[in-house]
$ cat start-v8.csv   # CSV, C-alpha atoms
chain,number,residue,atom,x,y,z
A,830,MET,CA,0.5,7.3,-29.0
A,831,GLY,CA,4.2,7.3,-28.4
A,832,THR,CA,5.9,6.0,-25.3
A,833,LEU,CA,6.8,9.5,-24.0
A,834,GLU,CA,3.2,10.9,-24.3
A,835,PHE,CA,1.8,7.8,-22.7
A,836,THR,CA,4.2,8.0,-19.8
A,837,LEU,CA,3.5,11.7,-19.2
A,838,ILE,CA,-0.2,11.2,-19.2
A,839,VAL,CA,0.1,8.3,-16.7
A,840,TRP,CA,2.4,10.4,-14.6
A,841,LEU,CA,0.0,13.3,-14.5
A,842,GLY,CA,-2.9,11.0,-13.7
A,843,ALA,CA,-0.8,9.4,-10.9
A,844,LEU,CA,0.2,12.8,-9.5
A,845,LEU,CA,-3.5,13.7,-9.3
A,846,ALA,CA,-4.4,10.3,-7.8
A,847,GLY,CA,-1.7,10.7,-5.1
A,848,PHE,CA,-2.8,14.2,-4.3
A,849,LEU,CA,-6.5,13.3,-4.0
A,850,GLY,CA,-5.5,10.1,-2.1
A,851,ALA,CA,-3.7,12.1,0.5
A,852,LEU,CA,-6.4,14.7,0.9
A,853,THR,CA,-9.2,12.2,1.3
A,854,GLY,CA,-7.1,9.9,3.4
A,855,LEU,CA,-7.9,7.0,1.0
A,856,GLY,CA,-4.5,6.6,-0.5
A,857,GLY,CA,-3.4,7.0,-4.1
A,858,GLY,CA,-3.9,3.3,-5.0
A,859,VAL,CA,-7.7,3.4,-5.0
A,860,ILE,CA,-7.8,6.2,-7.5
A,861,ILE,CA,-5.0,5.3,-9.9
A,862,VAL,CA,-6.5,1.8,-10.6
A,863,PRO,CA,-9.9,3.1,-12.0
A,864,LEU,CA,-8.0,5.9,-13.8
A,865,LEU,CA,-5.7,3.4,-15.6
A,866,ALA,CA,-8.4,0.8,-16.2
A,867,LEU,CA,-11.3,3.1,-17.2
A,868,VAL,CA,-9.6,6.0,-18.9
A,869,LEU,CA,-6.5,4.6,-20.4
A,870,GLY,CA,-7.7,1.1,-21.1
A,871,VAL,CA,-4.9,-0.6,-19.2
A,872,ASP,CA,-5.6,-4.3,-18.2
A,873,ILE,CA,-6.6,-4.3,-14.6
A,874,HIS,CA,-3.9,-6.8,-13.6
A,875,TYR,CA,-1.2,-4.3,-14.7
A,876,ALA,CA,-3.0,-1.4,-13.1
A,877,ILE,CA,-3.2,-3.3,-9.8
A,878,GLY,CA,0.5,-4.2,-9.9
A,879,ALA,CA,1.5,-0.6,-10.5
A,880,ALA,CA,-0.8,0.7,-7.8
A,881,LEU,CA,0.5,-1.8,-5.2
A,882,VAL,CA,4.1,-0.5,-5.5
A,883,SER,CA,2.9,3.1,-5.2
A,884,VAL,CA,1.1,2.2,-2.0
A,885,ILE,CA,4.4,1.0,-0.5
A,886,ALA,CA,6.0,4.3,-1.5
A,887,THR,CA,3.4,6.5,0.0
A,888,SER,CA,2.9,4.5,3.2
A,889,SER,CA,6.6,4.3,3.9
A,890,GLY,CA,7.0,8.0,3.2
A,891,ALA,CA,4.2,8.8,5.6
A,892,ALA,CA,5.3,6.3,8.2
A,893,ALA,CA,8.8,7.8,8.2
A,894,ALA,CA,7.2,11.2,9.2
A,895,TYR,CA,5.2,9.7,12.2
A,896,VAL,CA,7.5,7.1,13.6
A,897,LYS,CA,9.4,9.2,16.0
A,898,GLU,CA,6.4,11.0,17.4
A,899,GLY,CA,5.4,8.0,19.5
A,900,TYR,CA,1.9,7.5,18.3
A,901,SER,CA,2.1,4.1,16.5
A,902,ASN,CA,1.7,1.0,18.6
A,903,ILE,CA,4.4,-1.3,17.3
A,904,ARG,CA,3.2,-4.4,19.2
A,905,VAL,CA,-0.4,-4.1,17.9
A,906,GLY,CA,0.9,-3.4,14.4
A,907,MET,CA,3.3,-6.3,14.3
A,908,PHE,CA,0.7,-8.8,15.7
A,909,LEU,CA,-1.9,-7.7,13.2
A,910,GLU,CA,0.6,-7.9,10.4
A,911,ILE,CA,0.5,-11.7,10.7
A,912,ALA,CA,-3.2,-11.4,9.6
A,913,THR,CA,-2.6,-8.8,6.9
A,914,THR,CA,0.3,-10.5,5.3
A,915,LEU,CA,-1.4,-13.9,5.3
A,916,GLY,CA,-4.5,-12.2,3.8
A,917,ALA,CA,-2.4,-10.4,1.2
A,918,LEU,CA,-0.8,-13.7,0.1
A,919,LEU,CA,-4.2,-15.2,-0.3
A,920,GLY,CA,-5.5,-12.1,-2.1
A,921,ALA,CA,-2.6,-12.1,-4.6
A,922,ALA,CA,-3.2,-15.8,-5.2
A,923,LEU,CA,-6.9,-15.2,-5.9
A,924,VAL,CA,-6.1,-12.7,-8.7
A,925,LEU,CA,-5.0,-15.7,-10.8
A,926,TYR,CA,-8.5,-17.2,-10.7
A,927,LEU,CA,-10.6,-14.1,-11.1
A,928,ARG,CA,-11.4,-12.5,-14.4
A,929,ALA,CA,-11.0,-8.7,-14.9
A,930,PRO,CA,-14.7,-7.9,-14.8
A,931,THR,CA,-15.1,-9.7,-11.4
A,932,ILE,CA,-12.1,-7.8,-10.0
A,933,ALA,CA,-13.6,-4.5,-11.2
A,934,ILE,CA,-16.9,-5.1,-9.5
A,935,ILE,CA,-15.2,-6.0,-6.2
A,936,PHE,CA,-13.0,-3.0,-6.6
A,937,GLY,CA,-16.0,-0.7,-7.1
A,938,VAL,CA,-17.8,-2.0,-4.0
A,939,VAL,CA,-14.7,-1.6,-1.8
A,940,LEU,CA,-14.2,1.9,-3.2
A,941,ILE,CA,-17.7,3.0,-2.3
A,942,TYR,CA,-17.3,1.7,1.2
A,943,SER,CA,-13.9,3.4,1.6
A,944,ALA,CA,-15.3,6.8,0.5
A,945,TYR,CA,-18.2,6.4,2.8
A,946,ALA,CA,-16.0,5.4,5.7
A,947,SER,CA,-13.6,8.2,5.3
A,948,LEU,CA,-16.5,10.8,5.3
A,949,THR,CA,-18.2,9.4,8.4
A,950,ARG,CA,-15.1,8.7,10.4
A,951,THR,CA,-15.3,10.8,13.6
A,952,HIS,CA,-12.5,12.1,15.7
A,953,HIS,CA,-13.9,10.2,18.7
A,954,GLU,CA,-12.3,10.3,22.1
A,955,VAL,CA,-11.7,6.9,23.6
A,956,LYS,CA,-13.4,6.4,27.0
A,957,GLU,CA,-11.6,4.6,29.7
A,958,GLN,CA,-11.5,0.9,28.8
A,959,SER,CA,-11.1,-2.0,31.2
A,960,PRO,CA,-8.1,-4.3,30.5
A,961,ASP,CA,-8.7,-7.2,28.2
A,962,ARG,CA,-7.2,-10.6,28.9
A,963,ILE,CA,-5.7,-11.3,25.4
A,964,ALA,CA,-4.4,-7.8,25.0
A,965,THR,CA,-2.8,-7.9,28.4
A,966,TRP,CA,-1.1,-11.2,27.6
A,967,LEU,CA,0.2,-9.7,24.4
A,968,ARG,CA,1.3,-6.6,26.3
A,969,MET,CA,-0.5,-4.3,23.8
A,970,ASP,CA,-1.6,-1.7,26.3
A,971,SER,CA,0.4,1.4,25.8
A,972,SER,CA,0.3,5.2,26.0
A,973,TYR,CA,0.5,8.1,23.6
A,974,PRO,CA,1.4,11.8,23.7
A,975,THR,CA,-1.5,14.3,24.1
A,976,PRO,CA,-1.5,18.0,24.8
A,977,HIS,CA,-1.8,17.1,28.5
A,978,GLY,CA,1.1,14.6,28.6
A,979,PHE,CA,1.2,10.9,28.0
A,980,GLU,CA,-2.1,9.1,28.3
A,981,SER,CA,-2.4,5.4,28.6
A,982,TYR,CA,-5.0,3.2,26.9
A,983,HIS,CA,-6.2,-0.4,27.0
A,984,VAL,CA,-6.6,-2.4,23.8
A,985,ARG,CA,-9.6,-4.6,23.4
A,986,GLY,CA,-11.2,-6.9,20.8
A,987,VAL,CA,-8.1,-8.6,19.6
A,988,PRO,CA,-9.7,-11.6,17.9
A,989,LEU,CA,-12.2,-9.5,15.9
A,990,GLY,CA,-9.5,-7.0,15.0
A,991,PHE,CA,-7.3,-9.8,13.8
A,992,ALA,CA,-10.1,-11.2,11.6
A,993,LEU,CA,-10.9,-7.8,10.1
A,994,MET,CA,-7.2,-7.3,9.4
A,995,PHE,CA,-7.1,-10.6,7.5
A,996,VAL,CA,-9.9,-9.2,5.3
A,997,ALA,CA,-8.0,-6.0,4.9
A,998,GLY,CA,-5.0,-8.0,3.7
A,999,VAL,CA,-7.0,-10.1,1.2
A,1000,LEU,CA,-8.4,-6.8,-0.3
A,1001,SER,CA,-4.9,-5.3,-0.4
A,1002,GLY,CA,-3.4,-8.3,-2.2
A,1003,LEU,CA,-6.4,-8.6,-4.5
A,1004,LEU,CA,-7.0,-5.0,-5.5
A,1005,GLY,CA,-3.6,-3.3,-5.1
A,1006,ILE,CA,-4.8,-0.9,-2.4
A,1007,GLY,CA,-3.8,-0.1,1.1
A,1008,SER,CA,-7.2,-1.0,2.6
A,1009,GLY,CA,-6.8,1.8,5.1
A,1010,ALA,CA,-10.6,2.0,5.6
A,1011,VAL,CA,-10.8,-1.7,6.8
A,1012,LYS,CA,-7.7,-1.3,8.9
A,1013,VAL,CA,-9.1,1.7,10.6
A,1014,LEU,CA,-12.4,-0.1,11.1
A,1015,ALA,CA,-10.6,-2.9,12.9
A,1016,MET,CA,-8.5,-0.6,15.1
A,1017,ASP,CA,-11.0,2.2,15.8
A,1018,LYS,CA,-14.2,0.1,16.2
A,1019,ALA,CA,-13.1,-3.4,17.2
A,1020,MET,CA,-9.9,-2.7,19.2
A,1021,LYS,CA,-10.8,0.8,20.5
A,1022,LEU,CA,-7.5,2.4,19.8
A,1023,PRO,CA,-7.2,6.2,20.1
A,1024,PHE,CA,-7.7,8.0,16.8
A,1025,LYS,CA,-4.0,9.1,16.3
A,1026,VAL,CA,-2.7,5.7,17.3
A,1027,SER,CA,-4.9,3.8,14.9
A,1028,THR,CA,-4.1,6.2,12.0
A,1029,THR,CA,-0.4,6.0,12.4
A,1030,THR,CA,-0.3,2.3,13.2
A,1031,SER,CA,-2.3,1.6,10.1
A,1032,ASN,CA,0.1,3.7,8.0
A,1033,PHE,CA,3.0,1.6,9.3
A,1034,MET,CA,1.1,-1.6,8.5
A,1035,ILE,CA,0.0,-0.6,5.0
A,1036,GLY,CA,3.5,-0.7,3.6
A,1037,VAL,CA,4.2,-4.2,5.0
A,1038,THR,CA,0.9,-5.6,3.8
A,1039,ALA,CA,1.5,-4.1,0.3
A,1040,ALA,CA,5.0,-5.5,0.2
A,1041,ALA,CA,3.6,-9.0,0.9
A,1042,GLY,CA,1.3,-8.7,-2.1
A,1043,ALA,CA,3.9,-6.9,-4.3
A,1044,GLY,CA,6.5,-9.7,-4.0
A,1045,ILE,CA,4.0,-12.2,-5.6
A,1046,TYR,CA,2.9,-9.7,-8.3
A,1047,LEU,CA,6.5,-9.1,-9.2
A,1048,SER,CA,7.4,-12.7,-9.6
A,1049,ARG,CA,4.2,-13.4,-11.6
A,1050,GLY,CA,5.1,-10.6,-14.0
A,1051,TYR,CA,2.2,-8.2,-13.1
A,1052,ILE,CA,4.5,-5.3,-12.5
A,1053,ASP,CA,5.5,-3.7,-15.8
A,1054,PRO,CA,8.4,-1.2,-15.6
A,1055,GLY,CA,7.1,1.1,-18.3
A,1056,LEU,CA,3.8,1.5,-16.4
A,1057,ALA,CA,4.9,1.3,-12.8
A,1058,MET,CA,7.6,4.0,-13.3
A,1059,PRO,CA,5.3,6.9,-13.9
A,1060,VAL,CA,2.6,5.6,-11.5
A,1061,MET,CA,5.1,5.2,-8.6
A,1062,LEU,CA,6.8,8.6,-9.2
A,1063,GLY,CA,3.5,10.4,-9.8
A,1064,VAL,CA,1.6,9.0,-6.8
A,1065,LEU,CA,4.5,9.6,-4.4
A,1066,GLY,CA,4.9,13.2,-5.6
A,1067,GLY,CA,1.2,13.9,-5.5
A,1068,SER,CA,0.8,12.5,-2.0
A,1069,LEU,CA,3.7,14.6,-0.7
A,1070,ILE,CA,2.0,17.7,-2.1
A,1071,GLY,CA,-1.3,16.6,-0.7
A,1072,ALA,CA,0.1,15.9,2.8
A,1073,LYS,CA,1.6,19.5,2.8
A,1074,ILE,CA,-1.7,21.1,1.9
A,1075,LEU,CA,-3.6,18.8,4.4
A,1076,VAL,CA,-1.5,20.3,7.3
A,1077,GLU,CA,-2.1,23.9,6.2
A,1078,THR,CA,-5.8,24.0,5.4
A,1079,LYS,CA,-9.2,22.7,6.6
A,1080,VAL,CA,-10.3,20.3,4.0
A,1081,ARG,CA,-13.8,19.1,5.1
A,1082,VAL,CA,-15.5,20.5,2.0
A,1083,LEU,CA,-12.7,19.3,-0.4
A,1084,ARG,CA,-13.0,15.9,1.1
A,1085,MET,CA,-16.7,15.8,0.4
A,1086,VAL,CA,-16.3,16.8,-3.2
A,1087,PHE,CA,-13.5,14.3,-3.8
A,1088,SER,CA,-15.5,11.5,-2.1
A,1089,ALA,CA,-18.3,12.2,-4.6
A,1090,VAL,CA,-15.7,11.9,-7.5
A,1091,ILE,CA,-14.5,8.6,-6.0
A,1092,ALA,CA,-18.0,7.3,-5.7
A,1093,PHE,CA,-18.6,8.1,-9.3
A,1094,LEU,CA,-15.4,6.2,-10.3
A,1095,ALA,CA,-16.6,3.3,-8.2
A,1096,ILE,CA,-19.9,3.1,-10.0
A,1097,GLN,CA,-18.1,3.3,-13.4
A,1098,MET,CA,-16.0,0.4,-12.3
A,1099,ILE,CA,-19.0,-1.7,-11.3
A,1100,TYR,CA,-20.8,-0.8,-14.5
A,1101,SER,CA,-17.9,-1.6,-16.7
A,1102,GLY,CA,-17.5,-4.9,-14.9
A,1103,ILE,CA,-21.1,-5.9,-15.3
A,1104,THR,CA,-21.2,-4.9,-19.0
A,1105,GLY,CA,-17.9,-6.6,-19.6
A,1106,ARG,CA,-16.2,-3.5,-21.0
A,1107,LEU,CA,-13.0,-4.2,-19.0
B,1480,MET,CA,13.6,3.6,11.9
B,1481,GLY,CA,12.2,6.7,10.2
B,1482,ALA,CA,15.5,7.2,8.5
B,1483,LEU,CA,15.6,3.7,7.2
B,1484,LEU,CA,12.1,4.1,5.6
B,1485,ARG,CA,13.0,7.5,4.1
B,1486,THR,CA,16.3,6.3,2.7
B,1487,GLY,CA,14.6,3.3,1.1
B,1488,VAL,CA,11.9,5.4,-0.5
B,1489,VAL,CA,14.4,8.0,-1.8
B,1490,LEU,CA,16.8,5.4,-3.1
B,1491,ALA,CA,13.9,3.5,-4.8
B,1492,ALA,CA,12.5,6.7,-6.4
B,1493,SER,CA,16.0,7.7,-7.6
B,1494,LEU,CA,16.6,4.3,-9.3
B,1495,VAL,CA,13.1,4.4,-10.8
B,1496,PHE,CA,13.6,7.9,-12.1
B,1497,ALA,CA,17.1,7.2,-13.6
B,1498,GLY,CA,15.7,4.0,-15.2
B,1499,GLY,CA,12.8,6.0,-16.5
B,1500,VAL,CA,15.0,8.5,-18.2
B,1501,LEU,CA,17.0,5.7,-19.9
B,1502,TYR,CA,13.9,3.9,-20.9
B,1503,LEU,CA,12.3,6.9,-22.4
B,1504,ALA,CA,15.5,7.9,-24.2
B,1505,ARG,CA,15.6,4.5,-25.9
B,1506,HIS,CA,12.0,3.7,-26.4
B,1507,ARG,CA,10.6,5.8,-29.3
B,1508,VAL,CA,8.5,3.0,-30.6
B,1509,PRO,CA,4.7,3.1,-30.2
B,1510,VAL,CA,3.6,2.3,-26.7
B,1511,THR,CA,3.4,-1.2,-25.4
B,1512,ASN,CA,-0.1,-2.7,-25.6
B,1513,TYR,CA,-1.3,-2.7,-22.0
B,1514,HIS,CA,-4.8,-3.5,-22.9
B,1515,VAL,CA,-4.1,-7.2,-23.2
B,1516,PHE,CA,-2.4,-8.8,-20.3
B,1517,GLN,CA,0.7,-10.8,-21.3
B,1518,GLY,CA,2.9,-10.8,-18.2
B,1519,GLU,CA,6.5,-9.7,-18.0
B,1520,PRO,CA,9.4,-11.8,-19.4
B,1521,ALA,CA,11.6,-13.6,-16.9
B,1522,GLU,CA,14.3,-10.9,-16.8
B,1523,TYR,CA,11.8,-8.5,-15.2
B,1524,ARG,CA,10.3,-10.8,-12.7
B,1525,THR,CA,13.1,-12.7,-11.1
B,1526,ILE,CA,15.5,-11.1,-8.7
B,1527,SER,CA,18.6,-12.4,-10.5
B,1528,GLY,CA,17.2,-11.3,-13.9
B,1529,ILE,CA,16.4,-7.8,-12.6
B,1530,PHE,CA,20.0,-7.4,-11.2
B,1531,GLN,CA,21.5,-8.5,-14.6
B,1532,GLN,CA,19.3,-6.1,-16.5
B,1533,ALA,CA,20.1,-3.3,-14.1
B,1534,LEU,CA,23.8,-3.9,-14.2
B,1535,ALA,CA,23.6,-3.8,-18.0
B,1536,LEU,CA,22.1,-0.3,-17.5
B,1537,ARG,CA,18.9,-1.2,-19.2
B,1538,GLY,CA,16.2,1.4,-18.3
B,1539,GLN,CA,13.5,-1.2,-17.5
B,1540,GLY,CA,16.0,-3.2,-15.4
B,1541,LEU,CA,16.9,-0.1,-13.3
B,1542,ILE,CA,13.2,0.6,-12.8
B,1543,GLN,CA,12.5,-2.9,-11.6
B,1544,LEU,CA,15.6,-2.7,-9.3
B,1545,GLY,CA,14.1,0.5,-7.8
B,1546,LEU,CA,10.8,-1.3,-7.2
B,1547,LEU,CA,12.6,-4.2,-5.6
B,1548,VAL,CA,14.3,-1.7,-3.2
B,1549,LEU,CA,10.9,-0.3,-2.5
B,1550,ILE,CA,9.4,-3.7,-1.7
B,1551,ALA,CA,12.5,-4.5,0.5
B,1552,THR,CA,12.1,-1.3,2.5
B,1553,PRO,CA,9.2,-2.4,4.8
B,1554,ILE,CA,10.7,-5.9,4.9
B,1555,ALA,CA,14.0,-4.3,6.2
B,1556,ARG,CA,12.0,-2.5,8.8
B,1557,VAL,CA,10.3,-5.7,10.0
B,1558,ALA,CA,13.8,-7.4,10.1
B,1559,PHE,CA,15.1,-4.5,12.4
B,1560,SER,CA,12.1,-5.0,14.7
B,1561,VAL,CA,13.2,-8.6,15.3
B,1562,PHE,CA,16.5,-7.2,16.8
B,1563,ALA,CA,14.6,-4.5,18.7
B,1564,PHE,CA,12.4,-7.2,20.4
B,1565,LEU,CA,15.4,-9.4,20.9
B,1566,TYR,CA,17.1,-6.5,22.7
B,1567,GLU,CA,14.1,-6.1,25.0
B,1568,ARG,CA,14.0,-9.9,25.5
B,1569,ASP,CA,10.4,-9.9,24.4
B,1570,TRP,CA,10.3,-13.4,23.1
B,1571,THR,CA,6.6,-13.4,22.2
B,1572,TYR,CA,7.1,-10.6,19.8
B,1573,VAL,CA,10.4,-12.0,18.5
B,1574,VAL,CA,8.3,-15.0,17.4
B,1575,VAL,CA,5.5,-12.8,16.1
B,1576,THR,CA,7.9,-10.7,14.1
B,1577,LEU,CA,9.7,-13.7,12.7
B,1578,ILE,CA,6.4,-15.1,11.4
B,1579,VAL,CA,5.7,-11.8,9.6
B,1580,LEU,CA,9.2,-11.8,8.2
B,1581,GLY,CA,8.9,-15.4,7.0
B,1582,LEU,CA,5.7,-14.6,5.2
B,1583,LEU,CA,7.3,-11.6,3.5
B,1584,PHE,CA,10.3,-13.7,2.4
B,1585,TYR,CA,8.0,-16.4,1.1
B,1586,SER,CA,6.2,-13.8,-1.0
B,1587,LEU,CA,9.4,-12.2,-2.4
B,1588,LEU,CA,11.6,-15.3,-2.9
B,1589,GLY,CA,9.1,-18.2,-3.4
B,1590,SER,CA,8.3,-19.1,-6.9
B,1591,HIS,CA,4.7,-18.2,-7.7
B,1592,THR,CA,4.3,-19.1,-11.3

$ encode --input "start-v8.csv" --output "structure tokens"
Amino acid sequence: MGTLEFTLIVWLGALLAGFLGALTGLGGGVIIVPLLALVLGVDIHYAIGAALVSVIATSSGAAAAYVKEGYSNIRVGMFLEIATTLGALLGAALVLYLRAPTIAIIFGVVLIYSAYASLTRTHHEVKEQSPDRIATWLRMDSSYPTPHGFESYHVRGVPLGFALMFVAGVLSGLLGIGSGAVKVLAMDKAMKLPFKVSTTTSNFMIGVTAAAGAGIYLSRGYIDPGLAMPVMLGVLGGSLIGAKILVETKVRVLRMVFSAVIAFLAIQMIYSGITGRL
Amino acid sequence: MGALLRTGVVLAASLVFAGGVLYLARHRVPVTNYHVFQGEPAEYRTISGIFQQALALRGQGLIQLGLLVLIATPIARVAFSVFAFLYERDWTYVVVTLIVLGLLFYSLLGSHT
């Protein structure tokens, strides 16, 4: 295969991955890694390096769209970023010591969880919470715009949220993904943030977390220009198209179909890891 | 803040695209073997090396420079937040943001080989 053909194939795959990632809300990173590793036989370290830079592109692009609408909670995001960046540094360091099959198995398990979490995530309304001592001290309580004007909310469960965010950071640095599913778990379930606030704040954080991992990947030589170029351009383009369609259509059925595809990819990853095909 | 992120992503994507065109125009040889992990040579993984290659208008150097801009975009946003919190005299969050910024600089500038 010539360089041009290879680049075009990777670009098309990344376009599809970015598109599906935006529609399912999982992000393009989790789909491009199995695609590169399983279908094109790319070493998983290169695949993860390329995915990580595409995660920064999509998250920054999406965050740029939301930032002025007043949903994201900058204080919560910034405080939790201590946990995610520390985690990402640890995760990126761990990659050195783990063999490709081990990484593939961890990847598959996280992928299945992410697909499951995105399907079962409900648009719950947050009930009135009582103030929390740590959150009050950190001045995290805020308000967000709703159809009936600004509504204030209290933040809870800071230590548990912080711990979960550390895990999200480790997975991001280790697997080259945004770990949106774990971030949302921390902010929805542990910290009881309203749906829109947790979604947008998580978007804002994903780019910073991925940047922490990507710096290490770059200086270790895991980011190959010939591979990262079509991956980054493809995932970015695909996610922009996906985000447009997401606004215009109801995608419940599509999401279920794609989640099934993702679960299939995940099982392939685990199987390939166990049999040592990767 | 949104403009900063958008500019960073657009600039990064343009550099990567321009580098990609140059790279594809000059690389007709069979594709690099990605199945075996070798790691990139020094000129594509250090900041000084990447700048040298990009200034020499090497396709791969331009791509890596674009990716460097991309990595720097969220970092720049965190750096701006330091000033925003300083302006509000919110010292707790000035410290919080500086810690995050320090970790990001350690990742990008520290030697990890």

$ closest_atom_pairs --input "start-v8.csv" --of "chain B" --to "chain A" --cutoff "6 Å" --atoms "only C-alpha atoms" --output "CSV"
residue,atom,partner,partner_atom,distance
B:Gly1481,CA,A:Ala893,CA,4.1
B:Leu1484,CA,A:Ala893,CA,5.6
B:Arg1485,CA,A:Ala893,CA,5.9
B:Pro1509,CA,A:Gly831,CA,4.6
B:Val1510,CA,A:Thr832,CA,4.6
B:Tyr1513,CA,A:Val871,CA,5.0
B:His1514,CA,A:Val871,CA,4.7
B:Val1515,CA,A:Asp872,CA,6.0
B:Phe1516,CA,A:Asp872,CA,5.9
B:Gly1518,CA,A:Gly1050,CA,4.7
B:Glu1519,CA,A:Gly1050,CA,4.3
B:Arg1524,CA,A:Ser1048,CA,4.7
B:Thr1525,CA,A:Ser1048,CA,5.9
B:Gln1539,CA,A:Pro1054,CA,5.4
B:Ile1542,CA,A:Pro1054,CA,5.8
B:Gln1543,CA,A:Pro1054,CA,6.0
B:Ile1550,CA,A:Ala1040,CA,5.1
B:Pro1553,CA,A:Val1037,CA,5.3
B:Val1579,CA,A:Ile911,CA,5.3
B:Leu1583,CA,A:Ala1041,CA,5.2
B:Ser1586,CA,A:Gly1044,CA,5.1
B:Leu1587,CA,A:Gly1044,CA,4.1
B:Thr1592,CA,A:Arg1049,CA,5.7

$ atom_distance --input "start-v8.csv" --atom1 "CA of Leu1580 in chain B" --atom2 "CA of Val1561 in chain B"
8.8 Å

$ residues_around --input "start-v8.csv" --residues "Ile1006 in chain A" --least-positions-apart "4" --cutoff "9 Å" --atoms "all atoms listed in the file" --output "ChimeraX atom specification"
/A:856-859,862,877,880-881,884,1000-1002,1035,1039

$ write_last_selection --input "start-v8.csv" --atoms "C-alpha atoms" --output "compact mmCIF listing (two decimals), in the frame of the given file"
# COMPACT_ATOMS: atom_id res chain seq x y z
CA GLY A 856 -4.50 6.60 -0.50
CA GLY A 857 -3.40 7.00 -4.10
CA GLY A 858 -3.90 3.30 -5.00
CA VAL A 859 -7.70 3.40 -5.00
CA VAL A 862 -6.50 1.80 -10.60
CA ILE A 877 -3.20 -3.30 -9.80
CA ALA A 880 -0.80 0.70 -7.80
CA LEU A 881 0.50 -1.80 -5.20
CA VAL A 884 1.10 2.20 -2.00
CA LEU A 1000 -8.40 -6.80 -0.30
CA SER A 1001 -4.90 -5.30 -0.40
CA GLY A 1002 -3.40 -8.30 -2.20
CA ILE A 1035 0.00 -0.60 5.00
CA ALA A 1039 1.50 -4.10 0.30

$ atom_distance --input "start-v8.csv" --atom1 "CA of Gly1487 in chain B" --atom2 "CA of Val1548 in chain B"
6.6 Å

$ atom_distance --input "start-v8.csv" --atom1 "CA of Ile963 in chain A" --atom2 "CA of Phe1584 in chain B"
28.1 Å

$ closest_residue --input "start-v8.csv" --among "B:Pro1520, B:Gly1589, B:Gly1538, B:Gly1545" --to "Ala1491 in chain B" --atoms "all atoms listed in the file"
B:Gly1545

$ residues_around --input "start-v8.csv" --residues "Ala1095 in chain A" --least-positions-apart "5" --cutoff "9 Å" --atoms "only C-alpha atoms" --output "ChimeraX atom specification"
/A:863,933-934,936-941,1090,1100

$ residues_around --input "start-v8.csv" --residues "Ser947 in chain A" --least-positions-apart "3" --cutoff "8 Å" --atoms "only C-alpha atoms" --output "ChimeraX atom specification"
/A:853-855,943-944,950,1010

$ closest_residue --input "start-v8.csv" --among "A:Ala992, A:Ile1074, A:Tyr973, A:Gly986" --to "Gly899 in chain A" --atoms "all atoms listed in the file"
A:Tyr973
